[in-house]
Amino acid sequence: MMHANFKDTWPPSFTLDQEKILNLLTGDHFYSNPSAALREAVLNAIDAVNRRRRVEPAFLPEITVTFNRDDLTLTVTDNGVGMSRLDVSALFTKVGASAATAEVNKESVGEFGIGVISYFMAADAFTLQTNDGKGEPVGLLFNREMLAGGGASEVPPTQESQGTVVTIQIRDSETFELLLDKFPYWCRDVEGLSARVLPEDRNLGQGGSNRAHNSVVVELPKWVERAHLAPVTDPTGWDAMTGVSTVAVLYRGVFVQEFDVKKAWGIEGSIDVDPKHFKPRLNREGFVEGAFQAEVESFLQTCHPTILVSMAARLTAAVKAGTLTKWTEKRWASLWLSVPRDKPYVAAVEAWDAVFRYLPAFERAVGNKWEGISLDQMKTLGGEIYLAPLTEEKPNDVVLAALRFLRNTGHNVIRGISKDRSWMRFAPATFGTTADLISKVFSSELPPLIPIAPKAEKILAEITRIAPLFTGPPPVDLVNIGKDSPPALRLKSRLIINTDHPAGEAIVKDALSENGGPLSLITITARHAYQQLTEVAAAVRQITAEPEVLSPIRRRYIRSYLS
């Protein structure tokens with residue numbers, strides 16, 4: 001059935017519902033929230049002052065943002081080029097027109113000419129007062145009804161000097177507070193911008209204003225207009241680092257989006273990109289992906305070595321100030337291991353290695369405990385240095401017994417520390433542990449580091465027996481290797497029973513009491529040291545000699561060595 005208001009036309013043609021399209025552009029589907037009205041008003045002011053500066057090189061831009069809580073207004077004032085009646089007519093009668101479109105060099109931020117209608121996200125009306133410094137000033141009132149095709153209303157012009165004043169009548173107090181709260185989010189580093197809140201006449205700071213003085217000097221590609229990049233400012237904030245740097249991308253000081261890069265860790269700050277180099281999304285809340293991501297990531301990677309040199313200086317200052325005294329050896333090691341060691345990082349590596357010479361990125365066995373030790377402290381140790389395996393490597397009983405023997409007999413035993421997987425997890429490490437690092441980088445400064453694991457059998461084989469239990473072969477010897485070592489260990493050339501361990505002593509006493517020869521050790525071990533049963537059984541079954549029957553004198557001799 002055909003509608004009564006249907007107009008028969010052929011061939012068919014498209015017709016657009018202007019009101020619905022414009023309402024869509026000012027709705028949540030297009031802009032993220034009503035605070036976009038603030039951003040667009042500031043961007044338009046930035047356009048205006050930049051166009052004037054190209055004509056007047058000595059010109060100093062001034063942009064003022066005023067939030068008035070008494071009458072719920074947002075006012076953005078600039079001393080830019082201003083507009084004539086013809087300019088206003090061209091811009092406001094055709095959605096999609098833009099002052100940037102008419103420029104010869106096209107260096108303005110403005111691109112699509114739809115930013116002004118975003119004001120209606122936060123308001124039902126706004127006024128425009130403008131003066132181009134050549135003709136008569138212009139005063140206009142714009143209402144939301146214009147979205148249905150209405151026109152603006154003239155109001156008495158009040159702008160006497162060159163520039164523009166936009167006053168947006170905020171719809172309600174909730175929206176007003178949202179815009180006020182979002183000011184430092186959108187306005188990060190706009191040149192010449194000041195802001196205040198009325199009636200209390202309180203100044204508002206921009207979101208990135210505290211970073212400028214910390215910036216590191218880096219070489220900028222042509223498409224980066226400004227860069228305020230620095231190491232993560234607060235050393236106590238390093239605990240939250242994941243290995244991903246988050247940098248704000250700005251349009252001449254106005255926030256557009258955040259950019260994450262995984263390998264170039266420790267960077268914070270912002271970059272202002274040339275608004276004509278990358279294609280922005282229609283709502284200017286980001287860039288079209290592709291070349292944008294590749295170029296920004298490449299630029300941040302080139303900055304990273306310089307950032308790390310500066311970060312090393314901050315690390316030194318933080319250590320001297322005692323800011324990081326609660327850090328564990330694991331934390332120090334993880335940070336050091338995260339420093340890239342490629343050719344571009346030569347200066348950074350020298351700076352970081354100089355700091356870490358005196359930081360505890362290793363552990364030394366002291367009695368039954370592990371205590372932090374630095375590279376410089378390690379160099380003062382006399383004699384050989386044995387390198388213990390990490391706990392996560394799950395060393396076997398033989399390796400652990402060799403480690404404990406060396407530790408209990410006063411040898412120098414250290415172990416490296418691996419990277420903390422829960423911290424700086426996106427920062428790749430050149431070396432797996434700090435032991436690997438010093439073995440490859442600082443080997444000339446240290447005595448040879450002797451890994452315990454491959455030499456464990458030899459270390460234990462050289463342990464002097466206190467008495468033979470069975471002569472074998474292979475022999476079964478009694479040794480003292482500490483209470484924290486297993487009661488029995490099978491080596492390649494012998495079986496040793498540790499009489500320092502209560503279970504080891506119990507095995508020997510039962511063997512002497514039963515006097516059933518080496519095979520009796522299997523059932524005896526099952527009673528006292530079940531975990532070592534397999535090893536003991538395998539060793540005694542290799543004994544090829546006749547079963548030994550111990551004489552009373554021999555048993556008395558062995559008992560004399562037991563506690």
# chains A, B, ... in the order shown; residues from 1 in each chain; ligands from 1
call {"tool": "residues_around", "arguments": {"residues": "Pro340 in chain A", "least_positions_apart": "2", "cutoff": "10 Å", "atoms": "only C-alpha atoms", "output": "tab-separated table (two decimals) with C-alpha atoms, in the first residue's frame"}}
result
chain	number	residue	atom	x	y	z
A	263	LYS	CA	59.19	-2.35	23.62
A	264	ALA	CA	59.98	1.31	24.29
A	304	HIS	CA	63.92	5.28	23.70
A	305	PRO	CA	67.74	5.15	24.11
A	308	LEU	CA	66.76	5.51	29.17
A	336	TRP	CA	68.38	-4.14	34.76
A	337	LEU	CA	67.52	-7.13	32.56
A	338	SER	CA	64.94	-5.03	30.69
A	342	ASP	CA	71.43	-3.27	20.88
A	343	LYS	CA	73.79	-0.83	19.18
A	344	PRO	CA	71.56	2.28	19.54
A	345	TYR	CA	71.56	1.75	23.32
A	346	VAL	CA	75.34	1.94	23.91
A	348	ALA	CA	72.08	3.88	27.86
A	349	VAL	CA	73.76	0.56	28.69
A	427	ALA	CA	59.71	-5.55	28.14
A	428	PRO	CA	61.89	-8.23	26.52
A	429	ALA	CA	65.12	-9.21	28.26
A	430	THR	CA	68.44	-9.74	26.44
A	431	PHE	CA	69.62	-12.13	29.16
call {"tool": "residues_around", "arguments": {"residues": "range 251-255 of chain A", "least_positions_apart": "3", "cutoff": "9 Å", "atoms": "only C-alpha atoms", "output": "PyMOL selection string"}}
result
chain A and resi 39+42-43+46+109+185-191+208+225-226+248+258+270-275+285
call {"tool": "select_by_dssp", "arguments": {"residues": "range 351-387 of chain A", "states": "helix (DSSP H, G or I)", "output": "count of residues only"}}
result
11
call {"tool": "residues_around", "arguments": {"residues": "Leu387 in chain A", "least_positions_apart": "5", "cutoff": "9 Å", "atoms": "only C-alpha atoms", "output": "list in words"}}
result
Leu403, Asn412, Val413, Ile414, Arg415, Gly416, Ala435, Leu449, Ile450, Pro451, Ile452 and Ala453 of chain A
call {"tool": "write_last_selection", "arguments": {"atoms": "N, CA and C atoms", "output": "mmCIF file, in the first residue's frame"}}
result
data_model
loop_
_atom_site.group_PDB
_atom_site.id
_atom_site.type_symbol
_atom_site.label_atom_id
_atom_site.label_comp_id
_atom_site.auth_asym_id
_atom_site.auth_seq_id
_atom_site.Cartn_x
_atom_site.Cartn_y
_atom_site.Cartn_z
ATOM 1 N N LEU A 403 75.342 -27.805 46.366
ATOM 2 C CA LEU A 403 75.141 -26.406 46.740
ATOM 3 C C LEU A 403 75.216 -26.242 48.253
ATOM 4 N N ASN A 412 82.278 -19.328 48.430
ATOM 5 C CA ASN A 412 81.501 -18.226 47.860
ATOM 6 C C ASN A 412 80.469 -18.781 46.881
ATOM 7 N N VAL A 413 79.215 -18.649 47.236
ATOM 8 C CA VAL A 413 78.134 -19.135 46.382
ATOM 9 C C VAL A 413 77.175 -17.975 46.118
ATOM 10 N N ILE A 414 76.976 -17.682 44.849
ATOM 11 C CA ILE A 414 76.013 -16.636 44.482
ATOM 12 C C ILE A 414 75.029 -17.219 43.466
ATOM 13 N N ARG A 415 73.928 -16.547 43.306
ATOM 14 C CA ARG A 415 73.007 -16.937 42.239
ATOM 15 C C ARG A 415 72.428 -15.674 41.603
ATOM 16 N N GLY A 416 72.187 -15.772 40.315
ATOM 17 C CA GLY A 416 71.560 -14.661 39.610
ATOM 18 C C GLY A 416 70.067 -14.646 39.874
ATOM 19 N N ALA A 435 72.846 -13.503 36.324
ATOM 20 C CA ALA A 435 74.065 -14.316 36.252
ATOM 21 C C ALA A 435 74.527 -14.441 34.802
ATOM 22 N N LEU A 449 83.275 -17.783 37.115
ATOM 23 C CA LEU A 449 82.099 -18.257 37.837
ATOM 24 C C LEU A 449 81.919 -19.740 37.521
ATOM 25 N N ILE A 450 81.885 -20.541 38.553
ATOM 26 C CA ILE A 450 81.832 -21.999 38.375
ATOM 27 C C ILE A 450 80.392 -22.461 38.587
ATOM 28 N N PRO A 451 79.705 -22.869 37.546
ATOM 29 C CA PRO A 451 78.333 -23.371 37.723
ATOM 30 C C PRO A 451 78.341 -24.653 38.544
ATOM 31 N N ILE A 452 77.478 -24.720 39.520
ATOM 32 C CA ILE A 452 77.447 -25.891 40.402
ATOM 33 C C ILE A 452 76.828 -27.097 39.711
ATOM 34 N N ALA A 453 75.757 -26.895 38.950
ATOM 35 C CA ALA A 453 74.998 -28.022 38.400
ATOM 36 C C ALA A 453 75.863 -29.012 37.615
#
call {"tool": "residues_around", "arguments": {"residues": "Lys483 in chain A", "least_positions_apart": "2", "cutoff": "6 Å", "atoms": "only C-alpha atoms", "output": "list in words"}}
result
Ser485, Asp500 and His501 of chain A
call {"tool": "write_last_selection", "arguments": {"atoms": "C-alpha atoms", "output": "short mmCIF file (atom, residue, chain, number, x, y, z; two decimals), in the first residue's frame"}}
result
data_model
loop_
_atom_site.label_atom_id
_atom_site.label_comp_id
_atom_site.auth_asym_id
_atom_site.auth_seq_id
_atom_site.Cartn_x
_atom_site.Cartn_y
_atom_site.Cartn_z
CA SER A 485 71.10 -32.20 52.71
CA ASP A 500 74.15 -35.30 59.81
CA HIS A 501 70.56 -35.98 58.76
#
call {"tool": "select_by_dssp", "arguments": {"residues": "range 308-403 of chain A", "states": "strand (DSSP E)", "output": "list in words"}}
result
Phe362, Glu363, Arg364, Ala365, Val366, Lys369, Trp370, Glu371, Gly372, Ile373, Ile385, Tyr386 and Leu387 of chain A
call {"tool": "residues_around", "arguments": {"residues": "range 241-247 of chain A", "least_positions_apart": "2", "cutoff": "6 Å", "atoms": "only C-alpha atoms", "output": "MDAnalysis selection string"}}
result
chainID A and resid 238:239 258:262 265:270 423:427
call {"tool": "write_last_selection", "arguments": {"atoms": "C-alpha atoms", "output": "mmCIF file, in the first residue's frame"}}
result
data_model
loop_
_atom_site.group_PDB
_atom_site.id
_atom_site.type_symbol
_atom_site.label_atom_id
_atom_site.label_comp_id
_atom_site.auth_asym_id
_atom_site.auth_seq_id
_atom_site.Cartn_x
_atom_site.Cartn_y
_atom_site.Cartn_z
ATOM 1 C CA TRP A 238 57.926 2.568 38.400
ATOM 2 C CA ASP A 239 56.246 -0.231 40.344
ATOM 3 C CA GLU A 258 46.693 7.605 23.483
ATOM 4 C CA PHE A 259 49.246 5.450 21.750
ATOM 5 C CA ASP A 260 50.796 2.314 23.282
ATOM 6 C CA VAL A 261 54.182 0.893 22.325
ATOM 7 C CA LYS A 262 55.412 -2.270 23.992
ATOM 8 C CA TRP A 265 59.178 1.139 27.997
ATOM 9 C CA GLY A 266 59.564 3.923 30.560
ATOM 10 C CA ILE A 267 58.384 6.818 28.348
ATOM 11 C CA GLU A 268 55.645 9.225 29.296
ATOM 12 C CA GLY A 269 54.469 12.504 27.816
ATOM 13 C CA SER A 270 52.995 13.671 24.542
ATOM 14 C CA TRP A 423 56.284 -6.861 36.337
ATOM 15 C CA MET A 424 57.601 -5.246 33.143
ATOM 16 C CA ARG A 425 56.132 -8.280 31.406
ATOM 17 C CA PHE A 426 56.048 -6.618 27.996
ATOM 18 C CA ALA A 427 59.712 -5.546 28.137
#
call {"tool": "closest_residue", "arguments": {"among": "A:Ala365, A:Val249, A:Leu437, A:Ala312", "to": "Phe292 in chain A", "atoms": "only C-alpha atoms"}}
result
A:Val249
call {"tool": "atom_distance", "arguments": {"atom1": "CA of Asp78 in chain A", "atom2": "CA of Asp172 in chain A"}}
result
25.0 Å
call {"tool": "residues_around", "arguments": {"residues": "Pro448 in chain A", "least_positions_apart": "6", "cutoff": "9 Å", "atoms": "only C-alpha atoms", "output": "NGL selection string"}}
result
:A and (384-386 or 439)
call {"tool": "atom_distance", "arguments": {"atom1": "CA of Leu512 in chain A", "atom2": "CA of Asp484 in chain A"}}
result
23.9 Å
call {"tool": "closest_residue", "arguments": {"among": "A:Asn214, A:Thr236, A:Thr380, A:Asn368", "to": "Arg407 in chain A", "atoms": "only C-alpha atoms"}}
result
A:Asn368
call {"tool": "residues_around", "arguments": {"residues": "Val76 in chain A", "least_positions_apart": "2", "cutoff": "6 Å", "atoms": "only C-alpha atoms", "output": "number ranges by chain"}}
result
A: 64-65, 165-166
call {"tool": "closest_residue", "arguments": {"among": "A:Val81, A:Ile553, A:Ala488, A:Val256", "to": "Thr534 in chain A", "atoms": "only C-alpha atoms"}}
result
A:Ala488
